Every structure is written in structure tokens, then in C-alpha cells.
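These notes concern the structure reproduced below.
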Amino acid sequence: MPFDALNLSVIADELRQRLVGGKINKITQPEKDEIDLNVFNGKNYRLLVSASSSLPRAHLTDESKPSPLTAPAFCMVLRKHLMGGVVTGVSQQPFERVIIIDVTSGNELGDSEQKRLICEVVGKSANVFLTDGGGRILDCMKRIPMTSLAGRPTVIGQKFEFLTQDKIRPDDREAIIRVLRANPDSQPKEVLKNKLMGVAYQTLDEIVGDSARPEEVADRFALFAEKLKTPRPTMVTDEDGTPLDVTAVDYRTLAGGRIYFDTLNEAYDRYFAEKDKFQRHNEKTKAIANVVKNAIHRIEKKTALQTQDLLAAKDNEKNRIYGELILSSLYKIKKGDGRLTTENYYDGKTAEIPLDPLLTPQQNAQKYFKKYAKQKKTIEYTTQLLEENKSQLVYLKSIAQSLKSPLDANDIDDITAELIAARLMKKSDGKDKKQNKKQKPRVSKSRPLTYVKDGWTILVGKNNLQNDKLTFETAKGGDMWLHAQDVTSCHTIIINPDGADIPDAVLQTAAEITAHYSESSESSKVPVFYTPKKYVKKPNKSHPGFVNLLSYKTCLVNPDEHAELLRKEK
């Protein structure tokens with residue numbers, strides 16, 4: 001993706017044309033590393049600035065994201081200093097991926113002050129700074145302390161320093177010729193790829209091509225600069241129309257389809273909307289997977305310790321027998337004895353029973369009886385805990401399995417809500433408890449997967465909340481319900497409103513799809529339960545997705561996703 005300084009210069013020109021003279025009327029921070037500035041300049045423009053380590057960027061956007069109820073600290077600082085201000089200039093640090101937005105705004109006394117929003121879209125070290133007229137840092141999106149070695153410090157109050165590089169400017173013709181002449185045996189692209197400021201390798205490949213003479217290569221940079229003055233924003237796509245790259249001019253070196261735009265901002269907005277959605281989806285999925293993985297690890301560790309306690313308590317019957325043998329042998333025990341040797345009338349063998357010489361015979365017997373009673377309670381309690389752990393493990397594995405389904409943003413929200421309800425995740429929306437109590441119950445917007453086989457509709461749940469809704473709200477008594485046997489699995493429904501006989505081919509296809517979205521999807525043969533929905537019941541106080549079956553049949557199938565039958569939701 002050539003989001004380099006040369007392409008960014010076109011973005012800066014377009015922002016200058018549209019934003020200068022405009023008034024900032026709204027500032028939000030929908031993501032921890034992203035801010036949106038609404039600027040009215042004859043019409044409303046929304047400027048998106050992202051300091052994401054994977055997708056840093058700055059461009060106008062039509063995308064609107066919901067904002068948190070409580071604005072982050074950096075957003076509040078921006079509102080204090082920039083709200084109501086007028087954009088007086090948009091510029092770019094020469095041949096750097098840095099956009100500078102100058103704003104004139106009023107202070108508490110009504111006096112005009114100069115502020116600067118400096119947007120560094122430079123990969124992992126991307127950041128956004130707010131400075132005053134003297135160049136002092138008022139705040140920044142990512143604060144780096146003086147003691148950190150991760151990057152240059154960002155201390156509030158210090159003088160802002162622009163990024164510097166000891167590299168050649170792409171408009172320095174003589175320097176380019178000089179460095180190429182010093183490496184006559186190397187390809188120009190290989191020589192220049194780490195020596196030029198602000199030029200991505202894709203752009204370098206487009207500019208240099210097969211040129212070998214230093215003078216010709218240097219001239220090509222000048223020609224490319226002229227092309228940027230009359231850009232032709234281009235999106236390169238694959239055969240399915242999926243965006244691959246966006247360039248300010250049409251790069252002949254990039255293969256694929258072409259979609260042309262009026263502005264580079266529009267092209268980047270379209271491209272990054274897809275990329276950002278995919279990126280944040282993966283981040284959220286990974287975060288949920290880590291929560292579930294850690295919870296499974298904790299329960300497995302706890303189960304191992306409890307199993308050891310249970311094994312240690314299994315010999316509790318011996319303590320009861322020892323107590324009874326002591327009481328039946330009181331005449332044999334003398335004061336101060338440390339051991340009783342007597343016949344065990346339970347098995348006819350000789351028993352050697354340790355005694356506490358400081359206790360009376362009766363007290364020694366009571367000591368064994370108390371130990372027996374304690375171990376008996378331990379066995380009962382630990383057995384109960386192990387059953388709870390087993391149930392919790394099955395539940396957590398069902399969530400882990402649901403993460404393997406094709407999830408959209410609504411599915412992720414469902415799973416997150418489920419984890420919060422199970423107290424495995426904390427809420428991150430900033431809402432207090434009183435507000436939560438007054439809120440209406442959350443309504444799921446996710447939809448099940450829909451397959452169509454020979455005119456029959458097959459619905460497949462993608463998470464536990466969706467499984468419950470599908471089974472106990474969507475499905476009717478005559479619909480067929482399916483689930484893989486003895487493993488975590490989706491709930492599958494064959495819609496049968498007329499109660500007709502379901503063809504074997506349809507039933508087999510539904511079973512194969514169910515097996516595909518189960519824990520046994522890699523197996524060659526998977527047993528699948530199927531039964532009319534009326535025989536599926538929800539146990540009281542059970543986890544989402546848990547059911548009991550009153551009656552069922554089983555079929556053995558080969559997992560198969562049947563992708564050609566999947567109906568795409570619009």
C-alpha cells in the first residue's frame with residue numbers, strides 16, 4: 001500500500017482546498033487511536049485521523065462511528081482548544097508522512113490563539129499532537145514518558161520536534177545521480193529503496209521502472225512530481241472487486257482491476273473503511289479468544305488441584321475404621337502408647353494404627369472420626385466443584401468454537417455481551433451501574449447463517465446467544481433441530497412450517513453443515529443428533545446454548561460446509 005509522502009502530498013492539497021476557512025464544529029474520538037473532526041466550510045467535512053500502528057492515515061471520510069458516552073482525555077483537550085476554531089492552513093512536512101493543520105481559536109478570555117494539530121501517520125510510531133502557537137505540546141494521543149526507550153518522548157509542555165531523516169529528498173536530482181553513480185553495479189531501485197525520504201517501494205518501482213542511467217532515473221522523479229499535480233486517484237482491485245491498493249495516479253506496475261475517483265480522499269476512505277473494519281474485527285476476535293483461552297487455562301488448573309484433593313480424600317474410609325478399632329480395643333491401649341496393633345475385623349488382617357501419645361484413647365478415636373467426617377465433606381464438595389468445572393469448560397469451549405464461525409460485528413457484540421454477563425470480561429463503555437439498571441435489555445442484531453437446499457431453508461447459529469434465539473424463538477415445534485453429538489457445535493434448524501416429511505438429502509446436508517461448524521469439523525465421520533424442535537428443552541439457570549433432548553435420532557456424516565448453498569445476506 002503506497003501511503004507514502006508523495007501520495008500524501010495529494011491528500012494534503014485536497015484537504016487544503018476543502019478545509020481552509022472552515023469552522024470546527026464537532027470533535028469525537030470513536031477509537032482509542034482515532035479522532036474525527038467535523039469542519040463546516042460551505043458543507044460538512046469529516047476529517048479522520050488515525051494513529052493506528054497498523055493502519056495510520058489522515059483523510060476525509062463519509063464513515064460515521066458511534067462515540068463513547070464518556071469522551072477520552074485527549075478528545076476533551078482537543079474540544080477545549082479547537083472547538084469553534086477556524087482552519088487557517090493545511091500543510092505537509094516536506095517528504096514526510098506528517099500532516100499539519102493550523103487552527104485559530106478563542107481562549108477563555110475570548111482572545112484568538114494559534115494552535116496546531118500535527119498528525120504523524122508513520123507506522124508503529126504514529127501519533128497526533130496538539131501544540132500552541134509557540135510549538136509547545138499541549139497534549140498528544142499516545143504519551144511516551146522521558147524514561148521510555150520505545151520512541152522520542154512526548155512530554156506535555158516540551159517543545160515539539162518534527163521527525164528528521166538522514167536521507168535524500170526525491171526532488172534532489174544531483175544527490176540521486178551521485179548515489180547511483182557510486183553504486184554502478186547495483187539496480188537503481190535497490191540502491192534507492194532505503195536512501196530516499198517518503199517514497200514507498202511500490203512508488204519507487206513505478207517511477208524507476210527498468211531505467212538504469214542515473215540521469216534518466218533522476219528525471220523520472222521530476223516527471224512523477226508533475227503527474228501528481230494532476231492526479232488520477234485509482235483503486236486497484238482483485239477479480240472479486242476487493243480493494244488491493246490506492247494510488248494518486250494510475251500505477252502501471254500494479255496488476256488488477258481499476259476504479260477511478262474524483263479525489264484521493266474518496267479513494268482512501270473506501271479502501272481504509274474495508275481494511276479498518278477487517279483489522280478491528282480481528283483485534284476484537286483475538287481479544288475475546290485470549291479471554292476464553294485464559295479462562296479455560298484457569299479452570300483446567302483448578303480442576304487439576306481439586307482432582308488431587310479428591311484423590312487424597314479417597315482413603316477417608318480408613319479413618320472411620322481406625323476410629324472404630326480404637327474404641328473396640330480400649331483395654332489394649334496404655335497411657336503414652338504411640339501405636340495400636342490389633343486385628344481389623346473388617347478384613348481379618350492386622351492393623352497398625354498410629355496414636356497421639358498425648359491424647360487419651362477416646363480422643364484418638366474422635367480424632368480419626370473428625371478426619372473421616374471432614375474428608376467426606378471434602379469429597380462431596382470437591383465432586384460438586386468438578387462437575388461445575390466440567391460444565392464451565394464445555395461452555396467456554398462452545399464460545400471458542402463460535403469464534404471459528406464467519407462472524408460479523410454484530411456476532412462479536414453478542415459474544416462480548418455474553419462474556420460480560422458471565423463476568424469473564426469487564427464493560428468498557430464507560431456507563432455506570434445506575435445507567436445500566438435503567439437500560440433496556442440488549443437486543444441482538446446478529447443473524448444466523450442461511451443455507452437453501454432444494455427449496456428448504458437451513459438456519460445455523462454462530463454463537464451461543466444466537467443459538468438460544470434460533471432454537472427457542474425462531475424455530476417452531478415441527479422444525480427439525482440438529483447438533484453434533486457430545487461436542488460443542490452450532491444449533492441448526494431446518495424450517496418446516498407445514499410439518500412435511502423432510503427429504504433425506506436435505507437432512508443429510510443440514511447434518512453435514514452442523515458437523516462443519518462443530519468441534520469435530522476435522523474428523524472424517526461425525527455423529528449428529530436430530531430431533532423435532534418440540535423435544536428440545538432449556539434447563540433452568542443453564543448457560544446460553546445449553547439444552548436437554550427428550551428424544552432424538554443420530555446420523556453419521558462427513559463435515560461439509562456446502563458453501564455453494566450459503567445465501568448471502570444483503
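Just so we're on the same page: first chain in the C-alpha cells is A, next is B, and so on; residues restart at 1 for each chain, and ligands are numbered from 1 in the order they show up.
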
- prompt: DSSP says strand (DSSP E or B) for which residues of region 93-145 of chain A? Put them as a ChimeraX atom specification?
  reply: /A:98-106,112-120,127-132,136-140

Would you mind listing what lies within 10 Å of Ala304 (chain A) as a PDB file with N, CA, C and O atoms, in the first residue's frame, with only C-alpha atoms counted and same-chain residues fewer than 6 positions away left out?
ATOM      1  N   ARG A 298      -7.390 -21.370  33.461  1.00  0.00           N
ATOM      2  CA  ARG A 298      -7.617 -21.266  34.912  1.00  0.00           C
ATOM      3  C   ARG A 298      -8.453 -22.433  35.418  1.00  0.00           C
ATOM      4  O   ARG A 298      -8.164 -23.016  36.473  1.00  0.00           O
ATOM      5  N   LEU A 310      -9.255 -34.549  45.785  1.00  0.00           N
ATOM      6  CA  LEU A 310     -10.228 -35.632  45.806  1.00  0.00           C
ATOM      7  C   LEU A 310      -9.544 -36.982  45.980  1.00  0.00           C
ATOM      8  O   LEU A 310     -10.002 -37.831  46.768  1.00  0.00           O
ATOM      9  N   LEU A 386     -16.006 -30.119  40.728  1.00  0.00           N
ATOM     10  CA  LEU A 386     -15.510 -30.714  39.480  1.00  0.00           C
ATOM     11  C   LEU A 386     -16.616 -30.783  38.431  1.00  0.00           C
ATOM     12  O   LEU A 386     -16.350 -30.589  37.234  1.00  0.00           O
TER      13      LEU A 386
END

Subject >> Residue nearest Cys119 (chain A) among A:Lys537, A:Lys404, A:Lys275, A:Lys142 (counting only C-alpha atoms) >> reply: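 With only C-alpha atoms as the atom set, the closest residue is A:Lys142.
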
Can you pull out the residues contacting Ala222 (chain A)? Cut-off 10 Å, using only C-alpha atoms, and skip same-chain residues under 4 positions away; I want them as a list in words.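 Final neighbour list, sorted by chain and number: Pro170, Asp171, Asp172, Arg173, Ile207, Val217, Ala218, Glu226 and Lys227 of chain A.
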
Generate the output file for the selected residues, N, CA and C atoms, as a PDB file, in the first residue's frame.
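Resulting contents of result_33.pdb:
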ATOM      1  N   PRO A 170      13.519  13.220  -2.675  1.00  0.00           N
ATOM      2  CA  PRO A 170      13.291  12.739  -4.044  1.00  0.00           C
ATOM      3  C   PRO A 170      13.340  13.843  -5.099  1.00  0.00           C
ATOM      4  N   ASP A 171      13.352  15.115  -4.676  1.00  0.00           N
ATOM      5  CA  ASP A 171      13.491  16.205  -5.648  1.00  0.00           C
ATOM      6  C   ASP A 171      14.926  16.715  -5.754  1.00  0.00           C
ATOM      7  N   ASP A 172      15.847  16.056  -5.054  1.00  0.00           N
ATOM      8  CA  ASP A 172      17.263  16.438  -5.126  1.00  0.00           C
ATOM      9  C   ASP A 172      17.943  15.648  -6.239  1.00  0.00           C
ATOM     10  N   ARG A 173      17.872  16.194  -7.456  1.00  0.00           N
ATOM     11  CA  ARG A 173      18.358  15.489  -8.640  1.00  0.00           C
ATOM     12  C   ARG A 173      19.829  15.136  -8.522  1.00  0.00           C
ATOM     13  N   ILE A 207       8.148   4.668 -10.497  1.00  0.00           N
ATOM     14  CA  ILE A 207       8.938   5.788 -11.024  1.00  0.00           C
ATOM     15  C   ILE A 207      10.136   5.298 -11.832  1.00  0.00           C
ATOM     16  N   VAL A 217      17.007   8.175 -14.346  1.00  0.00           N
ATOM     17  CA  VAL A 217      16.278   7.873 -13.111  1.00  0.00           C
ATOM     18  C   VAL A 217      15.903   9.165 -12.389  1.00  0.00           C
ATOM     19  N   ALA A 218      16.850  10.087 -12.272  1.00  0.00           N
ATOM     20  CA  ALA A 218      16.589  11.358 -11.591  1.00  0.00           C
ATOM     21  C   ALA A 218      15.502  12.149 -12.303  1.00  0.00           C
ATOM     22  N   GLU A 226       5.397  16.003 -11.510  1.00  0.00           N
ATOM     23  CA  GLU A 226       4.482  16.731 -12.388  1.00  0.00           C
ATOM     24  C   GLU A 226       3.148  15.998 -12.506  1.00  0.00           C
ATOM     25  N   LYS A 227       3.171  14.652 -12.566  1.00  0.00           N
ATOM     26  CA  LYS A 227       1.939  13.872 -12.662  1.00  0.00           C
ATOM     27  C   LYS A 227       1.080  14.069 -11.410  1.00  0.00           C
TER      28      LYS A 227
END

Discussion item. I'd like the neighbourhood of Ala51 (chain A) as a VMD selection string, where a residue qualifies if any of its atoms comes within 8 Å (using only C-alpha atoms), though same-chain residues fewer than 3 positions away should be ignored.
Written reply: chain A and resid 33 to 34 55 to 57 120 to 121 126 to 128 141

Output C-alpha atoms for every residue in that selection, as a compact mmCIF listing (two decimals), in the first residue's frame.
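Output file result_5.txt follows:
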# COMPACT_ATOMS: atom_id res chain seq x y z
CA ASP A 33 -6.26 5.71 18.40
CA GLU A 34 -8.61 7.67 16.11
CA LEU A 55 -3.35 1.47 9.53
CA PRO A 56 -2.22 5.06 10.27
CA ARG A 57 -3.83 7.61 7.99
CA GLU A 120 2.16 11.76 12.16
CA VAL A 121 0.94 8.77 10.13
CA ALA A 126 2.08 7.10 14.54
CA ASN A 127 0.78 9.83 16.84
CA VAL A 128 -1.30 13.01 16.93
CA MET A 141 -2.83 10.82 21.62

| Within 12 Å of Glu380 (chain A), counting only C-alpha atoms, which residues qualify if same-chain residues fewer than 3 places away don't, as a PyMOL selection string? | chain A and resi 306+309-310+313-314+373-377+383-387

Can you spit out the residues from that selection as a compact mmCIF listing (two decimals), in the first residue's frame, using all heavy atoms?
# COMPACT_ATOMS: atom_id res chain seq x y z
N GLN A 306 -8.06 -29.67 42.33
CA GLN A 306 -9.21 -30.27 43.01
C GLN A 306 -9.22 -31.79 42.85
O GLN A 306 -9.62 -32.51 43.77
CB GLN A 306 -10.51 -29.67 42.47
CG GLN A 306 -10.69 -28.21 42.86
CD GLN A 306 -11.82 -27.54 42.11
OE1 GLN A 306 -12.35 -28.09 41.15
NE2 GLN A 306 -12.18 -26.33 42.53
N ASP A 309 -6.92 -33.10 45.43
CA ASP A 309 -7.58 -33.09 46.75
C ASP A 309 -8.55 -34.25 46.88
O ASP A 309 -8.66 -34.88 47.95
CB ASP A 309 -8.33 -31.77 46.96
CG ASP A 309 -7.39 -30.58 47.07
OD1 ASP A 309 -6.19 -30.80 47.36
OD2 ASP A 309 -7.85 -29.44 46.87
N LEU A 310 -9.25 -34.55 45.79
CA LEU A 310 -10.23 -35.63 45.81
C LEU A 310 -9.54 -36.98 45.98
O LEU A 310 -10.00 -37.83 46.77
CB LEU A 310 -11.04 -35.62 44.51
CG LEU A 310 -12.21 -36.59 44.42
CD1 LEU A 310 -13.25 -36.29 45.50
CD2 LEU A 310 -12.86 -36.53 43.04
N ALA A 313 -8.44 -37.51 49.49
CA ALA A 313 -9.53 -37.76 50.43
C ALA A 313 -10.21 -39.10 50.22
O ALA A 313 -11.08 -39.48 50.99
CB ALA A 313 -10.57 -36.64 50.32
N LYS A 314 -9.81 -39.83 49.19
CA LYS A 314 -10.46 -41.10 48.87
C LYS A 314 -10.25 -42.17 49.94
O LYS A 314 -11.04 -43.12 50.03
CB LYS A 314 -9.95 -41.62 47.52
CG LYS A 314 -10.51 -40.90 46.31
CD LYS A 314 -12.00 -41.11 46.14
CE LYS A 314 -12.53 -40.50 44.86
NZ LYS A 314 -13.98 -40.69 44.70
N ALA A 373 -15.04 -37.40 58.85
CA ALA A 373 -16.16 -36.52 58.52
C ALA A 373 -15.71 -35.37 57.60
O ALA A 373 -16.39 -35.00 56.64
CB ALA A 373 -16.79 -35.96 59.80
N LYS A 374 -14.53 -34.83 57.91
CA LYS A 374 -14.01 -33.72 57.10
C LYS A 374 -13.72 -34.18 55.67
O LYS A 374 -14.05 -33.49 54.70
CB LYS A 374 -12.75 -33.16 57.75
CG LYS A 374 -12.16 -31.97 57.02
CD LYS A 374 -10.92 -31.44 57.74
CE LYS A 374 -10.33 -30.25 56.99
NZ LYS A 374 -9.11 -29.72 57.67
N GLN A 375 -13.10 -35.33 55.55
CA GLN A 375 -12.77 -35.83 54.21
C GLN A 375 -14.03 -36.19 53.43
O GLN A 375 -14.08 -36.04 52.20
CB GLN A 375 -11.84 -37.03 54.32
CG GLN A 375 -10.42 -36.66 54.73
CD GLN A 375 -9.53 -37.87 54.85
OE1 GLN A 375 -9.98 -38.96 55.24
NE2 GLN A 375 -8.26 -37.70 54.53
N LYS A 376 -15.07 -36.66 54.14
CA LYS A 376 -16.32 -36.99 53.48
C LYS A 376 -16.95 -35.73 52.87
O LYS A 376 -17.42 -35.73 51.73
CB LYS A 376 -17.29 -37.63 54.48
CG LYS A 376 -18.58 -38.12 53.84
CD LYS A 376 -19.47 -38.80 54.87
CE LYS A 376 -20.77 -39.29 54.21
NZ LYS A 376 -21.66 -39.95 55.20
N LYS A 377 -16.92 -34.62 53.66
CA LYS A 377 -17.44 -33.36 53.14
C LYS A 377 -16.58 -32.85 51.98
O LYS A 377 -17.10 -32.29 51.01
CB LYS A 377 -17.48 -32.31 54.25
CG LYS A 377 -18.55 -32.57 55.30
CD LYS A 377 -18.57 -31.47 56.35
CE LYS A 377 -19.67 -31.71 57.37
NZ LYS A 377 -19.69 -30.65 58.41
N THR A 383 -16.38 -32.96 44.51
CA THR A 383 -17.08 -33.60 43.40
C THR A 383 -18.04 -32.62 42.74
O THR A 383 -18.15 -32.55 41.51
CB THR A 383 -17.84 -34.84 43.89
OG1 THR A 383 -16.93 -35.77 44.47
CG2 THR A 383 -18.57 -35.52 42.73
N GLN A 384 -18.72 -31.83 43.56
CA GLN A 384 -19.64 -30.82 43.04
C GLN A 384 -18.87 -29.76 42.24
O GLN A 384 -19.30 -29.35 41.15
CB GLN A 384 -20.41 -30.16 44.19
CG GLN A 384 -21.38 -29.08 43.73
CD GLN A 384 -22.08 -28.40 44.90
OE1 GLN A 384 -22.00 -28.86 46.05
NE2 GLN A 384 -22.75 -27.30 44.62
N LEU A 385 -17.71 -29.32 42.78
CA LEU A 385 -16.90 -28.32 42.09
C LEU A 385 -16.39 -28.86 40.75
O LEU A 385 -16.37 -28.13 39.75
CB LEU A 385 -15.71 -27.90 42.96
CG LEU A 385 -16.02 -27.07 44.20
CD1 LEU A 385 -14.73 -26.77 44.96
CD2 LEU A 385 -16.70 -25.75 43.81
N LEU A 386 -16.01 -30.12 40.73
CA LEU A 386 -15.51 -30.71 39.48
C LEU A 386 -16.62 -30.78 38.43
O LEU A 386 -16.35 -30.59 37.23
CB LEU A 386 -14.94 -32.11 39.75
CG LEU A 386 -13.60 -32.13 40.50
CD1 LEU A 386 -13.21 -33.56 40.87
CD2 LEU A 386 -12.49 -31.50 39.65
N GLU A 387 -17.84 -31.05 38.87
CA GLU A 387 -18.96 -31.06 37.93
C GLU A 387 -19.21 -29.66 37.38
O GLU A 387 -19.49 -29.48 36.18
CB GLU A 387 -20.23 -31.59 38.62
CG GLU A 387 -20.23 -33.10 38.82
CD GLU A 387 -20.15 -33.85 37.49
OE1 GLU A 387 -20.86 -33.46 36.54
OE2 GLU A 387 -19.38 -34.81 37.41
